[in-house]
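**Student:** Next comes the structure file start.csv, holding CSV, C-alpha atoms.
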chain,number,residue,atom,x,y,z
X,1,MET,CA,0.3,-21.0,33.2
X,2,SER,CA,3.9,-21.7,32.5
X,3,SER,CA,6.0,-18.6,31.9
X,4,VAL,CA,8.2,-20.6,29.6
X,5,VAL,CA,7.5,-21.0,25.9
X,6,ARG,CA,9.3,-23.5,23.8
X,7,LEU,CA,10.4,-23.1,20.2
X,8,GLN,CA,8.5,-26.3,19.2
X,9,SER,CA,5.2,-25.0,20.8
X,10,ILE,CA,2.4,-24.1,18.4
X,11,PRO,CA,0.6,-21.0,19.5
X,12,GLU,CA,-3.2,-21.0,19.1
X,13,GLN,CA,-5.2,-17.8,18.6
X,14,ASP,CA,-8.3,-17.6,20.8
X,15,ILE,CA,-11.2,-17.9,18.4
X,16,ARG,CA,-13.0,-15.1,20.2
X,17,VAL,CA,-10.4,-12.6,19.1
X,18,ARG,CA,-11.3,-10.3,16.2
X,19,ARG,CA,-8.5,-8.6,14.3
X,20,ARG,CA,-9.6,-5.3,12.9
X,21,ARG,CA,-7.8,-2.6,11.0
X,22,ASN,CA,-8.9,1.0,11.3
X,23,SER,CA,-7.3,4.0,9.6
X,24,SER,CA,-4.4,4.2,12.0
X,25,ALA,CA,-3.8,0.8,13.6
X,26,VAL,CA,-4.6,-2.8,14.0
X,27,VAL,CA,-6.7,-3.7,17.0
X,28,LEU,CA,-7.3,-7.1,18.5
X,29,ALA,CA,-10.7,-7.2,20.2
X,30,CYS,CA,-11.8,-9.8,22.7
X,31,ASP,CA,-15.0,-9.5,24.6
X,32,ASN,CA,-14.9,-5.8,25.6
X,33,HIS,CA,-11.2,-5.5,25.6
X,34,PHE,CA,-9.3,-3.8,22.8
X,35,PHE,CA,-5.5,-4.1,22.2
X,36,GLU,CA,-3.8,-1.9,19.7
X,37,ILE,CA,-0.8,-3.7,18.3
X,38,ASP,CA,2.0,-2.5,16.1
X,39,ASP,CA,3.0,-3.8,12.7
X,40,LEU,CA,5.6,-6.2,14.0
X,41,VAL,CA,3.3,-7.8,16.6
X,42,ASP,CA,0.6,-8.0,14.0
X,43,SER,CA,3.0,-9.8,11.7
X,44,VAL,CA,3.5,-12.4,14.4
X,45,TRP,CA,-0.2,-12.6,15.2
X,46,CYS,CA,-1.1,-13.3,11.6
X,47,ARG,CA,1.4,-16.1,11.4
X,48,CYS,CA,-0.1,-17.9,14.4
X,49,ASP,CA,-2.2,-20.1,12.2
X,50,GLY,CA,-2.6,-23.0,14.7
X,51,ARG,CA,-0.1,-25.2,12.7
X,52,SER,CA,3.2,-23.4,12.8
X,53,THR,CA,5.7,-23.7,15.7
X,54,LEU,CA,7.3,-20.6,17.2
X,55,LEU,CA,10.5,-21.5,15.4
X,56,ALA,CA,8.7,-21.7,12.0
X,57,ILE,CA,6.9,-18.4,12.7
X,58,SER,CA,10.2,-16.6,13.5
X,59,GLU,CA,11.8,-18.1,10.4
X,60,ARG,CA,8.9,-16.9,8.2
X,61,LEU,CA,9.0,-13.5,9.9
X,62,ALA,CA,12.7,-13.2,9.1
X,63,ALA,CA,12.2,-14.1,5.5
X,64,ASP,CA,9.1,-12.0,4.9
X,65,ARG,CA,10.4,-8.9,6.6
X,66,GLY,CA,14.1,-9.2,5.8
X,67,MET,CA,15.1,-9.5,9.4
X,68,VAL,CA,18.1,-11.2,11.0
X,69,VAL,CA,16.9,-14.6,12.2
X,70,GLY,CA,18.0,-13.9,15.8
X,71,ASP,CA,16.0,-10.6,15.8
X,72,ALA,CA,13.0,-12.3,14.3
X,73,LEU,CA,13.1,-15.0,17.0
X,74,VAL,CA,13.3,-12.4,19.8
X,75,ALA,CA,10.4,-10.5,18.3
X,76,THR,CA,8.3,-13.6,17.9
X,77,LEU,CA,8.9,-14.7,21.5
X,78,ALA,CA,8.3,-11.3,22.9
X,79,SER,CA,5.1,-10.8,20.9
X,80,VAL,CA,3.7,-14.3,21.7
X,81,VAL,CA,4.4,-13.9,25.4
X,82,MET,CA,2.7,-10.5,25.4
X,83,LEU,CA,-0.3,-11.8,23.4
X,84,ARG,CA,-0.5,-14.9,25.7
X,85,ASP,CA,-0.4,-12.7,28.8
X,86,ALA,CA,-3.2,-10.6,27.4
X,87,GLY,CA,-5.3,-13.7,27.0
X,88,LEU,CA,-5.4,-13.5,23.2
X,89,LEU,CA,-3.7,-16.8,22.4
X,90,SER,CA,-2.5,-19.9,24.2
X,91,VAL,CA,0.9,-21.6,23.9
X,92,PRO,CA,0.4,-25.3,24.8
X,93,GLU,CA,3.4,-27.4,25.7
X,94,PRO,CA,4.7,-29.1,22.6
X,95,ALA,CA,3.8,-32.8,22.3
X,96,GLU,CA,6.7,-35.1,23.2
E,97,MET,CA,-27.6,9.5,-24.0
E,98,SER,CA,-25.2,7.9,-26.4
E,99,ALA,CA,-26.6,5.6,-29.1
E,100,ASP,CA,-25.1,2.7,-27.3
E,101,GLU,CA,-26.8,3.6,-24.0
E,102,ALA,CA,-30.1,4.2,-25.7
E,103,GLY,CA,-29.8,0.9,-27.5
E,104,GLN,CA,-29.1,-0.9,-24.2
E,105,VAL,CA,-32.2,0.6,-22.6
E,106,ASP,CA,-34.4,-0.2,-25.6
E,107,GLN,CA,-33.1,-3.7,-25.8
E,108,PHE,CA,-33.7,-4.2,-22.0
E,109,LEU,CA,-37.3,-2.9,-22.3
E,110,ALA,CA,-38.0,-4.9,-25.4
E,111,LYS,CA,-37.2,-8.1,-23.5
E,112,LEU,CA,-39.9,-7.1,-21.0
E,113,GLY,CA,-42.3,-6.4,-23.9
E,114,THR,CA,-42.4,-2.6,-23.5
E,115,THR,CA,-40.8,0.6,-24.8
E,116,ARG,CA,-39.4,3.7,-23.2
E,117,GLY,CA,-42.4,5.7,-24.5
E,118,GLN,CA,-44.9,3.4,-23.0
E,119,ILE,CA,-43.2,3.5,-19.6
E,120,LEU,CA,-42.8,7.3,-19.6
E,121,GLU,CA,-46.4,7.7,-20.6
E,122,MET,CA,-47.7,5.8,-17.6
E,123,GLU,CA,-46.7,8.7,-15.4
E,124,SER,CA,-46.9,11.5,-18.0
E,125,LEU,CA,-43.1,11.9,-18.0
E,126,GLY,CA,-42.9,13.3,-21.6
E,127,SER,CA,-40.8,16.1,-22.8
E,128,GLY,CA,-42.2,18.5,-20.3
E,129,PHE,CA,-40.5,16.8,-17.4
E,130,THR,CA,-36.9,17.9,-16.9
E,131,GLY,CA,-35.7,15.7,-14.0
E,132,ALA,CA,-33.8,12.5,-14.2
E,133,VAL,CA,-35.8,9.3,-15.0
E,134,TYR,CA,-34.1,6.0,-14.9
E,135,VAL,CA,-34.9,2.3,-14.6
E,136,SER,CA,-33.1,0.1,-12.1
E,137,GLY,CA,-33.6,-2.8,-9.8
E,138,SER,CA,-33.2,-6.5,-10.0
E,139,LEU,CA,-34.2,-6.8,-13.6
E,140,VAL,CA,-31.6,-4.4,-14.7
E,141,GLU,CA,-29.0,-6.1,-12.5
E,142,GLY,CA,-29.8,-9.4,-14.2
E,143,PHE,CA,-31.3,-11.1,-11.0
E,144,GLY,CA,-34.9,-10.6,-11.8
E,145,ASN,CA,-37.6,-13.2,-12.6
E,146,PRO,CA,-41.1,-13.2,-14.1
E,147,GLY,CA,-42.4,-11.9,-10.8
E,148,SER,CA,-40.0,-9.0,-10.5
E,149,ASP,CA,-41.3,-5.4,-10.7
E,150,ILE,CA,-39.9,-2.9,-13.1
E,151,ASP,CA,-38.5,-0.1,-10.9
E,152,VAL,CA,-38.5,3.3,-12.3
E,153,PHE,CA,-37.0,6.3,-10.5
E,154,VAL,CA,-38.1,9.9,-11.0
E,155,ILE,CA,-36.0,12.6,-9.5
E,156,GLY,CA,-37.4,16.1,-9.3
E,157,ASP,CA,-40.7,17.9,-9.0
E,158,HIS,CA,-43.2,15.3,-10.0
E,159,GLY,CA,-46.6,14.7,-8.6
E,160,PRO,CA,-47.8,11.1,-9.1
E,161,VAL,CA,-50.3,10.6,-11.9
E,162,GLY,CA,-51.4,7.0,-11.2
E,163,GLU,CA,-54.2,6.2,-8.8
E,164,LEU,CA,-52.3,3.7,-6.6
E,165,VAL,CA,-49.9,5.8,-4.6
E,166,ILE,CA,-48.0,5.0,-1.5
E,167,HIS,CA,-46.6,8.0,0.3
E,168,LYS,CA,-43.4,7.4,2.4
E,169,ALA,CA,-41.4,9.9,4.4
E,170,ARG,CA,-39.0,10.9,1.7
E,171,PHE,CA,-40.5,9.5,-1.5
E,172,SER,CA,-43.7,8.2,-3.0
E,173,ILE,CA,-44.3,5.1,-5.0
E,174,THR,CA,-46.9,5.0,-7.8
E,175,ILE,CA,-47.9,1.6,-9.0
E,176,HIS,CA,-48.8,0.7,-12.5
E,177,PHE,CA,-49.2,-2.6,-14.3
E,178,LEU,CA,-47.8,-3.9,-17.6
E,179,GLY,CA,-49.7,-7.2,-18.1
E,180,LYS,CA,-49.0,-9.2,-15.1
E,181,ARG,CA,-45.9,-7.2,-14.2
E,182,ARG,CA,-45.9,-4.3,-11.8
E,183,VAL,CA,-44.2,-1.1,-12.7
E,184,ASP,CA,-43.2,1.0,-9.6
E,185,PHE,CA,-42.4,4.7,-10.0
E,186,GLU,CA,-40.4,5.9,-7.1
E,187,SER,CA,-40.4,9.7,-6.9
E,188,TRP,CA,-37.7,11.5,-4.9
E,189,SER,CA,-37.2,15.2,-4.5
E,190,GLU,CA,-33.9,16.8,-5.5
E,191,ALA,CA,-33.5,18.0,-1.9
E,192,HIS,CA,-33.7,14.5,-0.5
E,193,VAL,CA,-31.2,13.2,-3.0
E,194,ALA,CA,-28.8,16.1,-2.3
E,195,ASP,CA,-29.1,15.4,1.5
E,196,LEU,CA,-28.4,11.7,0.9
E,197,ALA,CA,-25.3,12.5,-1.2
E,198,ARG,CA,-24.0,14.9,1.5
E,199,ARG,CA,-24.5,12.4,4.3
E,200,LEU,CA,-22.7,9.7,2.3
E,201,SER,CA,-19.8,12.1,1.7
E,202,GLU,CA,-19.5,12.7,5.4
E,203,VAL,CA,-18.8,9.1,6.2
E,204,HIS,CA,-15.2,8.6,7.3
E,205,LEU,CA,-14.2,5.0,6.8
E,206,GLY,CA,-11.9,3.6,9.4
E,207,GLN,CA,-12.3,6.5,11.7
E,208,GLU,CA,-15.7,6.0,13.2
E,209,PHE,CA,-18.6,3.6,13.7
E,210,VAL,CA,-20.3,3.9,10.3
E,211,ALA,CA,-23.1,1.3,10.5
E,212,GLU,CA,-26.6,2.6,9.8
E,213,LYS,CA,-25.4,6.1,8.7
E,214,LEU,CA,-27.8,5.4,5.9
E,215,ASP,CA,-30.9,3.4,6.2
E,216,VAL,CA,-31.7,0.4,4.1
E,217,VAL,CA,-34.0,2.4,1.7
E,218,GLU,CA,-31.2,4.9,1.2
E,219,GLU,CA,-28.6,2.2,0.6
E,220,LEU,CA,-30.8,0.6,-2.0
E,221,PHE,CA,-31.4,4.0,-3.6
E,222,VAL,CA,-27.7,4.7,-4.0
E,223,HIS,CA,-27.1,1.2,-5.4
E,224,ARG,CA,-29.8,1.6,-7.9
E,225,ILE,CA,-28.5,4.9,-9.1
E,226,ARG,CA,-25.1,3.2,-9.7
E,227,ILE,CA,-26.6,0.4,-11.8
E,228,GLY,CA,-29.5,2.4,-13.4
E,229,LEU,CA,-30.2,3.0,-17.0
E,230,PRO,CA,-31.5,6.4,-18.1
E,231,LEU,CA,-35.0,6.6,-19.6
E,232,ALA,CA,-35.2,10.3,-20.1
E,233,ASN,CA,-33.0,13.4,-19.6
E,234,PRO,CA,-29.8,11.3,-19.6
E,235,GLU,CA,-27.6,14.4,-18.8
E,236,ARG,CA,-29.6,14.9,-15.6
E,237,PHE,CA,-29.1,11.2,-14.7
E,238,ALA,CA,-25.3,11.6,-15.3
E,239,ALA,CA,-25.2,14.6,-13.1
E,240,LEU,CA,-27.1,12.7,-10.4
E,241,ARG,CA,-24.6,9.9,-10.5
E,242,ARG,CA,-21.7,12.3,-10.2
E,243,ARG,CA,-23.0,13.4,-6.8
E,244,PHE,CA,-22.3,10.0,-5.3
E,245,ASP,CA,-18.9,8.5,-4.5
E,246,PHE,CA,-19.7,4.9,-5.3
E,247,ASP,CA,-16.3,3.6,-4.1
E,248,LEU,CA,-16.9,5.3,-0.7
E,249,PHE,CA,-20.4,3.7,-0.7
E,250,ARG,CA,-18.9,0.3,-1.3
E,251,GLY,CA,-16.3,0.8,1.5
E,252,TYR,CA,-19.2,1.9,3.8
E,253,LEU,CA,-21.0,-1.3,3.1
E,254,VAL,CA,-17.9,-3.4,3.7
E,255,GLN,CA,-17.3,-1.6,7.1
E,256,GLN,CA,-20.9,-1.9,8.0
E,257,SER,CA,-20.8,-5.6,7.4
E,258,ILE,CA,-17.8,-6.0,9.6
E,259,HIS,CA,-19.5,-4.1,12.4
E,260,ARG,CA,-22.4,-6.5,12.0
E,261,ILE,CA,-20.0,-9.4,12.0
E,262,ASP,CA,-18.6,-8.1,15.3
E,263,GLY,CA,-22.0,-8.0,16.8
E,264,ALA,CA,-22.9,-11.5,15.6
E,265,ILE,CA,-19.7,-12.9,17.1
E,266,GLU,CA,-20.4,-11.2,20.5
E,267,ASP,CA,-23.9,-12.6,20.4
E,268,LEU,CA,-22.8,-16.0,19.5
E,269,LEU,CA,-20.2,-16.2,22.3
E,270,GLY,CA,-22.8,-15.1,24.8
E,271,MET,CA,-25.3,-17.7,23.5
E,272,LEU,CA,-22.8,-20.5,23.8
E,273,GLU,CA,-21.9,-19.4,27.3
E,274,ALA,CA,-25.6,-19.5,28.2
E,275,ASP,CA,-26.1,-22.8,26.4
E,276,ASP,CA,-28.9,-21.2,24.3
E,277,ARG,CA,-28.3,-23.7,21.5
E,278,ASP,CA,-31.2,-23.1,19.1
E,279,THR,CA,-30.6,-19.3,19.1
E,280,ALA,CA,-26.8,-19.9,18.7
E,281,ILE,CA,-27.3,-22.1,15.6
E,282,PHE,CA,-29.2,-19.4,13.8
E,283,ARG,CA,-26.9,-16.6,14.9
E,284,ALA,CA,-23.9,-18.6,13.6
E,285,ARG,CA,-25.7,-18.8,10.3
E,286,ASP,CA,-26.3,-15.0,10.4
E,287,LEU,CA,-22.5,-14.7,11.0
E,288,VAL,CA,-21.8,-16.7,7.8
E,289,SER,CA,-24.3,-14.6,5.8
E,290,LEU,CA,-22.8,-11.3,7.1
E,291,THR,CA,-19.3,-12.6,6.2
E,292,CYS,CA,-20.5,-13.4,2.7
E,293,ASP,CA,-21.9,-9.8,2.4
E,294,ALA,CA,-18.6,-8.3,3.5
E,295,PHE,CA,-16.8,-10.4,0.9
E,296,CYS,CA,-19.2,-9.5,-1.9
E,297,HIS,CA,-19.0,-5.7,-1.1
E,298,GLN,CA,-15.2,-5.9,-0.9
E,299,ALA,CA,-15.3,-7.6,-4.3
E,300,GLY,CA,-17.1,-4.6,-5.8
E,301,ASN,CA,-20.8,-5.3,-5.3
E,302,THR,CA,-23.1,-2.7,-3.7
E,303,ASN,CA,-26.4,-4.5,-3.6
E,304,PRO,CA,-27.5,-4.3,0.1
E,305,LEU,CA,-30.5,-6.7,-0.2
E,306,PRO,CA,-29.9,-10.1,1.6
E,307,LYS,CA,-32.3,-11.9,-0.8
E,308,TRP,CA,-29.8,-11.5,-3.6
E,309,ARG,CA,-26.8,-12.7,-1.6
E,310,LEU,CA,-26.3,-15.9,-3.6
E,311,ARG,CA,-26.9,-14.3,-6.9
E,312,VAL,CA,-24.4,-11.6,-6.1
E,313,LEU,CA,-21.8,-14.1,-5.0
E,314,ARG,CA,-22.3,-16.1,-8.3
E,315,ALA,CA,-22.1,-12.9,-10.3
E,316,LEU,CA,-18.7,-11.9,-9.0
E,317,PRO,CA,-15.7,-12.3,-11.3
E,318,PRO,CA,-14.3,-15.8,-10.9
E,319,SER,CA,-11.6,-16.2,-8.3
E,320,ALA,CA,-10.2,-18.8,-5.9
E,321,GLU,CA,-11.5,-16.6,-3.0
E,322,ALA,CA,-15.0,-16.4,-4.4
E,323,GLU,CA,-15.1,-20.1,-5.0
E,324,SER,CA,-13.9,-20.8,-1.5
E,325,VAL,CA,-16.4,-18.4,0.1
E,326,ALA,CA,-19.3,-19.9,-1.8
E,327,ALA,CA,-18.3,-23.5,-0.9
E,328,THR,CA,-17.9,-22.6,2.8
E,329,PHE,CA,-21.1,-20.6,2.8
E,330,TRP,CA,-23.1,-23.6,1.7
E,331,GLU,CA,-21.3,-26.0,4.0
E,332,LEU,CA,-21.8,-23.8,7.1
E,333,HIS,CA,-25.4,-23.0,6.3
E,334,PHE,CA,-26.6,-26.6,6.3
E,335,PRO,CA,-25.1,-28.4,9.3
E,336,ASP,CA,-27.0,-31.3,10.9
E,337,PRO,CA,-29.3,-29.4,13.3
E,338,THR,CA,-30.2,-32.6,15.3
E,339,VAL,CA,-26.6,-33.1,16.4
E,340,LEU,CA,-26.0,-29.4,17.1
E,341,ARG,CA,-29.1,-29.1,19.3
E,342,ARG,CA,-28.2,-32.2,21.2
E,343,ASP,CA,-24.5,-31.9,21.7
E,344,PRO,CA,-23.0,-28.7,23.1
E,345,GLN,CA,-19.5,-29.7,22.0
E,346,ALA,CA,-20.6,-30.2,18.4
E,347,LEU,CA,-22.3,-26.8,18.5
E,348,ARG,CA,-19.2,-25.2,19.9
E,349,ALA,CA,-17.1,-26.8,17.1
E,350,TYR,CA,-19.6,-25.5,14.5
E,351,ALA,CA,-19.6,-22.0,16.0
E,352,LYS,CA,-15.8,-22.0,15.9
E,353,ARG,CA,-15.8,-23.0,12.3
E,354,CYS,CA,-18.2,-20.1,11.5
E,355,MET,CA,-16.0,-17.7,13.4
E,356,ALA,CA,-12.9,-19.0,11.8
E,357,PHE,CA,-14.5,-18.4,8.4
E,358,SER,CA,-15.4,-14.9,9.4
E,359,HIS,CA,-11.9,-14.2,10.7
E,360,GLU,CA,-10.4,-15.5,7.5
E,361,VAL,CA,-12.6,-13.4,5.2
E,362,VAL,CA,-12.1,-10.2,7.2
E,363,ASP,CA,-8.4,-10.7,7.3
E,364,TRP,CA,-8.5,-11.0,3.5
E,365,ILE,CA,-10.5,-7.8,3.3
E,366,GLN,CA,-8.2,-5.9,5.6
E,367,ARG,CA,-4.9,-7.4,4.4
Once more with this new file: its structure as structure tokens, please.
**Tutor:**
Amino acid sequence: MSSVVRLQSIPEQDIRVRRRRNSSAVVLACDNHFFEIDDLVDSVWCRCDGRSTLLAISERLAADRGMVVGDALVATLASVVMLRDAGLLSVPEPAE
Amino acid sequence: MSADEAGQVDQFLAKLGTTRGQILEMESLGSGFTGAVYVSGSLVEGFGNPGSDIDVFVIGDHGPVGELVIHKARFSITIHFLGKRRVDFESWSEAHVADLARRLSEVHLGQEFVAEKLDVVEELFVHRIRIGLPLANPERFAALRRRFDFDLFRGYLVQQSIHRIDGAIEDLLGMLEADDRDTAIFRARDLVSLTCDAFCHQAGNTNPLPKWRLRVLRALPPSAEAESVAATFWELHFPDPTVLRRDPQALRAYAKRCMAFSHEVVDWIQR
């Protein structure tokens, strides 16, 4: 697995992952593993629709949450790498 | 009972060719009986058909009068007939109803695993109080309804459906891994049905009976979401089984679509 993600990459959620909200948090469940995520990571997760590039996701995050674009980009990349490393999504190399 | 309510009940019974007096007389529930008596079930809900029973509920100290009696753990059913149509009187004690209301009130949504806190009979009982029409002692019926938090009940059904969805997804993934194709096809269909249930409960319906799933879906207020769920429901319920049984890749793709549908609906519910 490459440790590099590119802005034109399109992250893909693992279909096995269930996003569930309980009274205090959002949890991503996969097999018997449960990952509690905060609101910002959840915002990134929900925008990983299998069609949007990382750049588009960060732009939408900035617009929807009133964030500075640079901050939104950092948040997107950090969240996606964390989610990828947890095995919850994949980030294929962008098509040439 | 207001004049409007009484008129509604009488109109409903007239369509079935009977009257309040005739129904109450079957179980000798005249003026001497002080408990709640109400009619409910699929006919009241507008889902019934010529074969549907008239379901009458009697809450309080009532010994069955009819000859055909079925005794269950918490209630009894006395069966009567009105022409070709069956009239079932379901008698519950005040104590059982109070216990049921208490157990529902102790459900904490979002904080615990809530599935099967109530059994199917109890869920149906609560739903039928919610939609019921009083036949006698309407003030007792109104008091009975006030014991139940119907919005909590609806939330319970939503969360229970989501728990069941989780179970179906786990099953389905295991079946795919084991290449148990026939079982996987049917479990994927279960997943689609459970997803439809979660949607309908979120949209306000509290009928827990799977047989009315499609009628419930059709009876929801029109919305783009309801239309989309109905279209996807039909599409995913009738794939080509020949292809799915033969081709593991096609089955995997079908299962992914069923899971994606489920994820989408649950995200909508928990948005």
**Student:** Can you pull out the residues contacting Val80 of chain X? Cut-off 8 Å, using all atoms listed in the file, and skip same-chain residues under 3 positions away; I want them as a PyMOL selection string.
**Tutor:** chain X and resi 11+44-45+76-77+83-84+89
**Student:** Please produce a file of the residues just selected, as an mmCIF file, keeping the file's coordinate frame, where the atoms kept are C-alpha atoms.
**Tutor:**
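Below is the file that was written, again.cif:
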data_model
loop_
_atom_site.group_PDB
_atom_site.id
_atom_site.type_symbol
_atom_site.label_atom_id
_atom_site.label_comp_id
_atom_site.auth_asym_id
_atom_site.auth_seq_id
_atom_site.Cartn_x
_atom_site.Cartn_y
_atom_site.Cartn_z
ATOM 1 C CA PRO X 11 0.600 -21.000 19.500
ATOM 2 C CA VAL X 44 3.500 -12.400 14.400
ATOM 3 C CA TRP X 45 -0.200 -12.600 15.200
ATOM 4 C CA THR X 76 8.300 -13.600 17.900
ATOM 5 C CA LEU X 77 8.900 -14.700 21.500
ATOM 6 C CA LEU X 83 -0.300 -11.800 23.400
ATOM 7 C CA ARG X 84 -0.500 -14.900 25.700
ATOM 8 C CA LEU X 89 -3.700 -16.800 22.400
#
**Student:** Please report as a ChimeraX atom specification which residues of chain X come no farther than 8 Å from chain E, using all atoms listed in the file.
**Tutor:** /X:15-16,18-24,31
**Student:** Suppose you want the space between atom CA of Met122 of chain E and atom CA of Ile155 of chain E; what is it in Å?
**Tutor:**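 Distance reported for this atom pair: 15.8 Å.
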**Student:** Any idea what the distance is between atom CA of Leu120 of chain E and atom CA of Pro304 of chain E?
**Tutor:** 27.5 Å
**Student:** Using only C-alpha atoms, which residues sit within 10 Å of Gly159 of chain E once same-chain residues fewer than 4 positions away are excluded, as number ranges by chain?
**Tutor:** E: 123-124, 172, 174, 187
**Student:** When you count all atoms listed in the file, which of these residues is closest to Ser58 of chain X: X:Cys30, X:Leu7, X:Leu88, X:Met82?
**Tutor:** X:Leu7
**Student:** List every protein, DNA or RNA residue that has an atom no more than 8 Å from (-26.8, 4.2, 6.0) in the file's coordinate frame, counting only C-alpha atoms, and report them as an MDAnalysis selection string.
**Tutor:** chainID E and resid 200 210:216 218:219
**Student:** With all atoms listed in the file as the counted atoms, please give the residues lying no more than 10 Å from Ile57 of chain X, apart from itself and same-chain residues fewer than 4 positions off, as a ChimeraX atom specification.
**Tutor:** /X:7,10-11,43-49,51-53,61-63,72-73,76-77
**Student:** Mind checking which residues fall within 7 Å of Ile37 of chain X, counting only C-alpha atoms, ignoring those fewer than 5 positions away in the same chain, and posting them as JSON, numbers by chain?
**Tutor:** {"X": [26, 27, 42]}
**Student:** Interatomic distance between atom CA of Arg236 of chain E and atom CA of Ala132 of chain E?
**Tutor:**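 That distance, rounded to one decimal, is 5.0 Å.
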**Student:** Taking all atoms listed in the file into account, name the residue in E:Ser98, E:Thr279, E:Asn233, E:Thr114 that is nearest to Thr130 of chain E.
**Tutor:**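 Closest to Thr130 of chain E of all the choices is E:Asn233.
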**Student:** Which residue gives the smallest distance to Thr328 of chain E among E:Arg285, E:Arg250, E:Arg242, E:His176, with all atoms listed in the file counted?
**Tutor:**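 Using all atoms listed in the file, the shortest distance to Thr328 of chain E belongs to E:Arg285.
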**Student:** Need to verify the contact set: Arg311 of chain E, 12 Å, all atoms listed in the file, exclusion of same-chain residues closer than 3 positions in sequence. Can you return it as a list in words?
**Tutor:**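 Using all atoms listed in the file, the neighbours found are Ser138, Glu141, Gly142, Phe143, Gly144, Cys292, Asp293, Cys296, Asn301, Asn303, Leu305, Pro306, Lys307, Trp308, Arg314, Ala315, Leu316 and Ala326 of chain E.
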